[in-house]
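Notes to accompany the following structure.
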Protein chains: 2
Amino acid sequence: MAGLGTVGASLLQLLARRRLPLAERCGREIQVTAVSARDRTRQRGVALDGLAWLDDPTTLADRADVDCVVELIGGSEGAARATVEAALAAGKHVVTANKALLAHHGVALAEAAEARGVALAFEASVAGGIPVLKALRESLAGNAIERIHGILNGTCNYILSRMEADGLAFDVCLADAQRLGYAEADPTFDIEGFDTAHKLAILTSLAFGTRVDAEAVHVEGISSITPLDIRMANELGYRIKLLGVAERTRAGIEQRVHPTMVSKATALAQVMGVTNAVSIDADAVDELTLVGPGAGGEATASSVVADLADVARGAFGAPFGVPVAELAPLLRAPMQRHEGGYYVRVAAFDKPGAAASLVRRMAEADISLESIVQHRSPDAAARDPGGRSGAPVPVVLITYATTEAALRGALDLVIADGFVEATPQVIRIERD
Amino acid sequence: MAGLGTVGASLLQLLARRRLPLAERCGREIQVTAVSARDRTRQRGVALDGLAWLDDPTTLADRADVDCVVELIGGSEGAARATVEAALAAGKHVVTANKALLAHHGVALAEAAEARGVALAFEASVAGGIPVLKALRESLAGNAIERIHGILNGTCNYILSRMEADGLAFDVCLADAQRLGYAEADPTFDIEGFDTAHKLAILTSLAFGTRVDAEAVHVEGISSITPLDIRMANELGYRIKLLGVAERTRAGIEQRVHPTMVSKATALAQVMGVTNAVSIDADAVDELTLVGPGAGGEATASSVVADLADVARGAFGAPFGVPVAELAPLLRAPMQRHEGGYYVRVAAFDKPGAAASLVRRMAEADISLESIVQHRSPDAAARDPGGRSGAPVPVVLITYATTEAALRGALDLVIADGFVEATPQVIRIERD
């Protein structure tokens with residue numbers, strides 16, 4: 001084991017607690033023989049007696065008493081990458097929870113594993129305790145996947161859930177998430193969508209048989225979402241979630257991470273708090289949804305154990321389901337060609353012609369409107385009962401399916417017309 | 001392949017459609033070489049050219065060009081059982097969708113498979129296209145399972161969903177389900193819970209490492225559920241679902257199938273129509289929920305293909321996760337010792353003392369009441385404005401957790417008091 005943080009400590013506990021059932025399942029015992037971590041003296045609440053302690057995790061690869069290296073260091077470079085590369089080069093199996101490593105170097109690492117005939121298993125890297133990688137790679141082998149979309153970041157889902165439940169602003173909910181340990185001191189990686197993007201890149205590869213390409217993910221975070229957006233979503237029958245979506249389209253494969261309007265009737269809309277969920281659209285099963293813990297030491301360790309059990313019983317195949325040589329390059333669909341409905345909120349100056357400009361520009365771009373809603377806030381109405389001040393008023397549009405290019409073009413013209421403030425809020429609507 | 005009904009025809013199509021990706025995944029091709037079905041002339045919409053046709057499915061076991069027999073005949077005895085037994089005895093792998101066969105003969109068949117070192121795989125036997133058996137056997141290997149509960153019968157869930165959505169009676173919805181092909185001409189097996197019981201018995205074995213014991217399942221169906229129960233459930237924050245529940249308790253393992261009140265906030269409560277769902281409570285992942293198609297040709301065939309792919313790449317283990325010799329006998333928890341909340345609806349004669357009797361008998365049995373609701377129907381109020389007729393009025397109680405024995409004892413005394421009609425409606429409440 002390389003890395004003894006929360007997941008590592010939980011893994012040691014799980015392996016001890018489940019020693020006998022695991023031996024029965026695997027036909028052999030899973031024994032931890034050596035560990036490596038930065039700080040030998042830290043209290044971890046687990047016994048390390050009898051385990052060899054290595055200061056350099058890459059030397060796990062050299063040991064005769066190691067068949068499989070578990071990498072729980074994290075990060076796409078440095079010690080994590082060196083440890084995994086050394087292990088594979090030495091013909092050791094590798095189990096890892098490292099999404100960044102897989103998202104950036106998955107193809108090369110899978111090639112190395114295949115060349116030596118060893119496992120490279122990473123169930124824990126996506127959606128914590130939810131066995132979505134095994135579902136895609138094994139359970140859905142008989143299906144062509146059409147789309148995969150999910151809530152893959154518990155921090156964001158917690159913040160959005162709190163904003164809705166308590167009517168609070170983003171910043172307040174983020175601070176709460178940090179206090180509760182759901183968000184890091186520097187939350188950028190989570191709230192700006194990069195964590196979701198890494199996980200999505202891995203899912204895309206397994207779903208579509210393409211080479212992992214994290215650079216090809218369109219990424220937007222949730223920091224621009226306002227309580228007004230949350231309220232309007234609710235009024236219009238939606239809930240806002242940060243989704244990772246990968247979809248096969250006529251223009252190529254879309255990989256996108258952004259705040260998304262999902263119908264309140266869907267399974268994903270019901271998922272609140274730090275829970276994760278993934279829905280898979282596949283031709284034979286139609287839709288399969290998995291809901292469970294996306295993070296946490298024990299849940300993540302559960303997925304590591306599942307991988308270890310597969311390795312121990314010899315039940316592993318190519319890391320991405322098919323050999324790397326069979327993976328296709330990812331043909332990226334440009335976001336401008338994305339098709340779908342949109343939620344658009346503009347701040348319209350309260351003067352004659354604003355609504356007319358909006359409606360006309362949409363019509364000129366062949367964009368049909370499902371709804372148009374304008375509410376003046378009670379505060380604004382109290383301050384300015386006649387609505388004569390010309391202060392901006394939020395106007396929300398829901399469009400039927402159109403293209404990103406058409407919508408953005410129409411909005412540029414609306415802004416040029418001079419009736420709305422410069423930056424409209426645009427949130428894509430995900431079809432059910 | 002033995003059996004060429006809806007699932008069999010879909011399986012042939014899937015295997016043709018996914019021939020190349022499956023070969024890439026498995027490192028070998030999956031080829032159908034021989035088929036057996038009752039009626040050779042029936043139009044199935046699939047080409048059978050080049051396939052050997054056998055009148056007797058047990059002779060699949062004798063063929064050198066058969067490595068694996070797929071049994072899709074159905075039924076716990078007769079041709080299905082004979083085909084599987086012959087195949088295993090001849091050292092052929094077996095993949096089956098047959099829940100009745102596994103529920104009744106799972107242990108003996110698993111012993112036969114283990115003795116010959118071949119696979120006995122049955123993902124398709126439970127919850128159609130949802131890969132719940134693989135999740136229990138492989139993905140949750142690091143977990144001790146505490147409870148598994150789910151919606152395992154689409155017919156019942158369709159009927160209950162329709163009753164709620166349209167305020168219709170059970171019989172009307174059943175007739176609709178039959179018209180739409182969701183229910184059989186003789187619907188007993190589905191609506192009285194036996195289908196769910198078979199699936200639950202298989203899940204229990206995988207979850208708790210016990211010998212399959214379908215006889216030890218307590219079974220109640222949904223035919224007694226009335227529109228009034230559906231409405232009252234809704235009013236009290238619940239939805240009625242036919243659940244299969246297996247749980248480890250101090251009194252042993254409970255296996256029960258019955259209409260159940262589930263909180264509307266739960267994932268299971270959101271599952272409407274013919275969709276199935278299973279929630280697994282496990283110590284490391286806390287809760288994992290899988291939602292998907294519980295029936296249908298293609299969805300079921302998808303699970304058969306997943307099993308075939310595991311067989312083809314040699315990635316199979318003991319049919320029940322651990323060797324049969326390690327399975328413990330199932331220690332059945334008596335229903336009288338079941339603990340939980342209850343919904344009780346009585347028809348109280350509208351005379352002084354009825355409510356007092358109810359409340360007093362519950363208190364004497366140490367049963368705390370969360371709610372007590374009495375609504376006279378608008379019709380009854382119109383016919384008898386003063387409520388003087390003494391005609392029965394529904395009274396609904398929601399109890400806090402108590403035992404089945406205490407509740408049944410208290411209800412016997414309530415009935416003996418003479419204020420209510422003889423048969424109260426009792427629906428167990430499942431904790432979240």
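By order in the structure tokens, chains are A, B, ...; within a chain, residues start at 1; ligands start at 1, following the order shown.
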
Practice item. Write down, as number ranges by chain, each residue of chain A that has any atom within 8 Å of an atom of chain B, counting only C-alpha atoms. Key: A: 14-15, 18, 21-22, 24-25, 129-131, 134-135, 138-144, 267, 270, 284-293, 298-303, 305-307, 309-310, 314-318, 321-323, 326

**Study point:** Non-local contacts of B:Gln43 (12 Å; only C-alpha atoms; under 4 positions in same chain excluded) as a count of residues only
**Key:** 7

Practice item. Determine which residues of stretch 284-328 of chain A receive a DSSP assignment of helix (DSSP H, G or I), computed from the backbone, and state them as a list in words. Key: Gly297, Glu298, Ala299, Thr300, Ala301, Ser302, Ser303, Val304, Val305, Ala306, Asp307, Leu308, Ala309, Asp310, Val311, Ala312, Val324, Ala325 and Glu326 of chain A

Check your understanding: Mind checking DSSP for stretch 209-332 of chain B and telling me the strand (DSSP E) residues as a PyMOL selection string?
Key -> chain B and resi 218-219+238-249+252-263+275-282+286-293

Practice item. Find the spatial neighbours of stretch 114-117 of chain A, counting only C-alpha atoms, within a cut-off of 9 Å - ignore same-chain residues fewer than 6 positions away - and output them as a list in words. Key: Leu88, Ala89, Ala90, Gly91, Lys92, His93, Gly317, Ala318, Pro319, Pro323 and Val324 of chain A

Review point. Could you state the separation of atom CA of A:Arg345 and atom CA of A:Leu242 in Å, given to one decimal place?
Key: 17.7 Å

Practice item. Determine, counting only C-alpha atoms, which protein, DNA and RNA residues have an atom within 8 Å of an atom of B:Ala169; residues of the same chain fewer than 5 positions away are not included. Present the result as a list in words. Key: Met163, Thr226 and Pro227 of chain B

Point to revise | From B:Ile73, B:Ala312, B:Ile159, B:Thr210, residue lying nearest B:Ile30 [only C-alpha atoms] | key: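 Counting only C-alpha atoms, the residue closest to B:Ile30 is B:Ala312.
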
Review point. Which residues come within 12 Å of B:Asp171, counting only C-alpha atoms, excluding same-chain residues fewer than 5 positions away, as a list in words?
Key: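 My reading of the contact set: Cys156, Ile159, Leu160, Arg162, Met163, Asp176, Ala177, Gln178, Pro187, Ile191, Ile222, Ser223, Ser224, Ile225, Thr226 and Pro227 of chain B.
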
Atoms to include: all heavy atoms. Write the selected residues as a CSV table (one decimal), in the first residue's frame.
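Output contents, as saved in out-v3.csv:
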```csv
chain,number,residue,atom,x,y,z
B,156,CYS,N,-46.4,-5.6,-10.2
B,156,CYS,CA,-47.0,-5.0,-9.0
B,156,CYS,C,-46.7,-3.5,-8.9
B,156,CYS,O,-47.6,-2.8,-8.5
B,156,CYS,CB,-46.4,-5.7,-7.7
B,156,CYS,SG,-47.0,-7.4,-7.5
B,159,ILE,N,-49.0,-1.7,-11.2
B,159,ILE,CA,-50.4,-1.6,-10.6
B,159,ILE,C,-50.5,-0.6,-9.5
B,159,ILE,O,-51.4,0.3,-9.5
B,159,ILE,CB,-50.9,-3.0,-10.1
B,159,ILE,CG1,-51.1,-4.0,-11.3
B,159,ILE,CG2,-52.2,-2.9,-9.3
B,159,ILE,CD1,-51.3,-5.4,-10.9
B,160,LEU,N,-49.5,-0.6,-8.6
B,160,LEU,CA,-49.6,0.3,-7.5
B,160,LEU,C,-49.4,1.8,-8.0
B,160,LEU,O,-50.0,2.7,-7.4
B,160,LEU,CB,-48.5,0.0,-6.4
B,160,LEU,CG,-48.8,-1.4,-5.7
B,160,LEU,CD1,-47.5,-1.8,-4.9
B,160,LEU,CD2,-50.0,-1.2,-4.7
B,162,ARG,N,-50.2,2.9,-10.9
B,162,ARG,CA,-51.5,3.4,-11.6
B,162,ARG,C,-52.5,3.7,-10.5
B,162,ARG,O,-53.3,4.6,-10.7
B,162,ARG,CB,-52.0,2.2,-12.5
B,162,ARG,CG,-51.4,2.2,-13.9
B,162,ARG,CD,-51.6,3.4,-14.7
B,162,ARG,NE,-53.0,3.8,-14.9
B,162,ARG,CZ,-53.9,3.3,-15.7
B,162,ARG,NH1,-53.5,2.3,-16.5
B,162,ARG,NH2,-55.1,3.7,-15.8
B,163,MET,N,-52.7,2.8,-9.5
B,163,MET,CA,-53.7,3.1,-8.5
B,163,MET,C,-53.5,4.5,-7.9
B,163,MET,O,-54.4,5.2,-7.6
B,163,MET,CB,-53.6,2.0,-7.4
B,163,MET,CG,-54.1,0.7,-7.8
B,163,MET,SD,-53.9,-0.6,-6.4
B,163,MET,CE,-55.2,-0.1,-5.3
B,176,ASP,N,-55.7,-3.5,-16.7
B,176,ASP,CA,-54.9,-2.7,-17.6
B,176,ASP,C,-53.5,-3.3,-17.8
B,176,ASP,O,-53.0,-3.3,-18.9
B,176,ASP,CB,-54.7,-1.3,-17.0
B,176,ASP,CG,-55.7,-0.3,-17.6
B,176,ASP,OD1,-56.7,-0.8,-18.3
B,176,ASP,OD2,-55.6,0.9,-17.4
B,177,ALA,N,-52.9,-3.8,-16.7
B,177,ALA,CA,-51.6,-4.4,-16.8
B,177,ALA,C,-51.7,-5.6,-17.7
B,177,ALA,O,-50.7,-5.8,-18.5
B,177,ALA,CB,-51.1,-4.8,-15.4
B,178,GLN,N,-52.8,-6.3,-17.6
B,178,GLN,CA,-52.9,-7.5,-18.5
B,178,GLN,C,-53.0,-7.1,-20.0
B,178,GLN,O,-52.4,-7.7,-20.9
B,178,GLN,CB,-54.1,-8.4,-18.1
B,178,GLN,CG,-53.8,-9.1,-16.7
B,178,GLN,CD,-55.0,-9.8,-16.1
B,178,GLN,OE1,-56.1,-9.2,-16.1
B,178,GLN,NE2,-54.9,-11.0,-15.6
B,187,PRO,N,-52.5,-13.9,-13.1
B,187,PRO,CA,-51.5,-13.0,-12.5
B,187,PRO,C,-51.0,-13.4,-11.1
B,187,PRO,O,-50.2,-12.7,-10.5
B,187,PRO,CB,-52.2,-11.7,-12.4
B,187,PRO,CG,-53.6,-12.1,-12.2
B,187,PRO,CD,-53.8,-13.4,-12.9
B,191,ILE,N,-48.8,-11.1,-8.5
B,191,ILE,CA,-49.5,-10.1,-7.6
B,191,ILE,C,-49.6,-10.7,-6.2
B,191,ILE,O,-49.7,-9.9,-5.2
B,191,ILE,CB,-50.9,-9.8,-8.0
B,191,ILE,CG1,-51.8,-11.0,-8.1
B,191,ILE,CG2,-50.9,-9.0,-9.4
B,191,ILE,CD1,-53.3,-10.6,-8.3
B,222,ILE,N,-50.4,-8.0,-3.1
B,222,ILE,CA,-50.9,-6.6,-3.1
B,222,ILE,C,-52.4,-6.5,-3.3
B,222,ILE,O,-53.0,-5.4,-3.4
B,222,ILE,CB,-50.2,-5.7,-4.1
B,222,ILE,CG1,-50.4,-6.2,-5.5
B,222,ILE,CG2,-48.8,-5.6,-3.8
B,222,ILE,CD1,-50.0,-5.2,-6.6
B,223,SER,N,-53.1,-7.7,-3.5
B,223,SER,CA,-54.5,-7.6,-3.9
B,223,SER,C,-55.4,-7.0,-2.9
B,223,SER,O,-56.6,-6.6,-3.2
B,223,SER,CB,-55.0,-9.0,-4.4
B,223,SER,OG,-54.8,-10.0,-3.3
B,224,SER,N,-55.0,-6.9,-1.6
B,224,SER,CA,-55.9,-6.3,-0.6
B,224,SER,C,-55.7,-4.8,-0.5
B,224,SER,O,-56.4,-4.2,0.3
B,224,SER,CB,-55.5,-6.9,0.8
B,224,SER,OG,-54.3,-6.5,1.2
B,225,ILE,N,-54.8,-4.2,-1.3
B,225,ILE,CA,-54.6,-2.8,-1.2
B,225,ILE,C,-55.7,-2.0,-1.8
B,225,ILE,O,-56.1,-2.3,-3.0
B,225,ILE,CB,-53.2,-2.4,-1.8
B,225,ILE,CG1,-52.1,-3.2,-1.2
B,225,ILE,CG2,-53.0,-0.9,-1.7
B,225,ILE,CD1,-51.9,-2.9,0.3
B,226,THR,N,-56.2,-1.0,-1.1
B,226,THR,CA,-57.4,-0.3,-1.6
B,226,THR,C,-56.9,1.2,-2.0
B,226,THR,O,-55.9,1.6,-1.5
B,226,THR,CB,-58.5,-0.2,-0.6
B,226,THR,OG1,-58.0,0.7,0.5
B,226,THR,CG2,-58.9,-1.5,0.0
B,227,PRO,N,-57.7,1.8,-2.8
B,227,PRO,CA,-57.4,3.2,-3.1
B,227,PRO,C,-57.4,4.1,-1.8
B,227,PRO,O,-56.6,5.0,-1.8
B,227,PRO,CB,-58.6,3.7,-4.0
B,227,PRO,CG,-59.0,2.4,-4.7
B,227,PRO,CD,-58.8,1.3,-3.7
```

Check your understanding: Interatomic distance between atom CA of B:Val46 and atom CA of B:Ala2?
Key ->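 Answer for the atom CA of B:Val46 to atom CA of B:Ala2 separation: 15.2 Å.
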
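Note that the spacing between atom CA of B:Pro259 and atom CA of B:Glu421 amounts to 21.3 Å.
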
Check your understanding: Counting only C-alpha atoms, which of B:Val219, B:Leu331, B:Leu168, B:Ala86 gets nearest to B:Arg250?
Key ->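 With only C-alpha atoms as the atom set, the closest residue is B:Leu331.
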
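The nearest approach to B:Met335 among the residues B:Lys351, B:Arg239, B:Arg248, B:Arg256, with only C-alpha atoms taken into account, belongs to B:Arg256.
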
Exercise for review: Counting only C-alpha atoms, figure out which residue out of B:His149, B:Arg231, B:Lys199, B:Arg431 gets nearest to B:Asp166.
Suggested key: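 Of the candidates, the smallest distance to B:Asp166 is held by B:Arg231.
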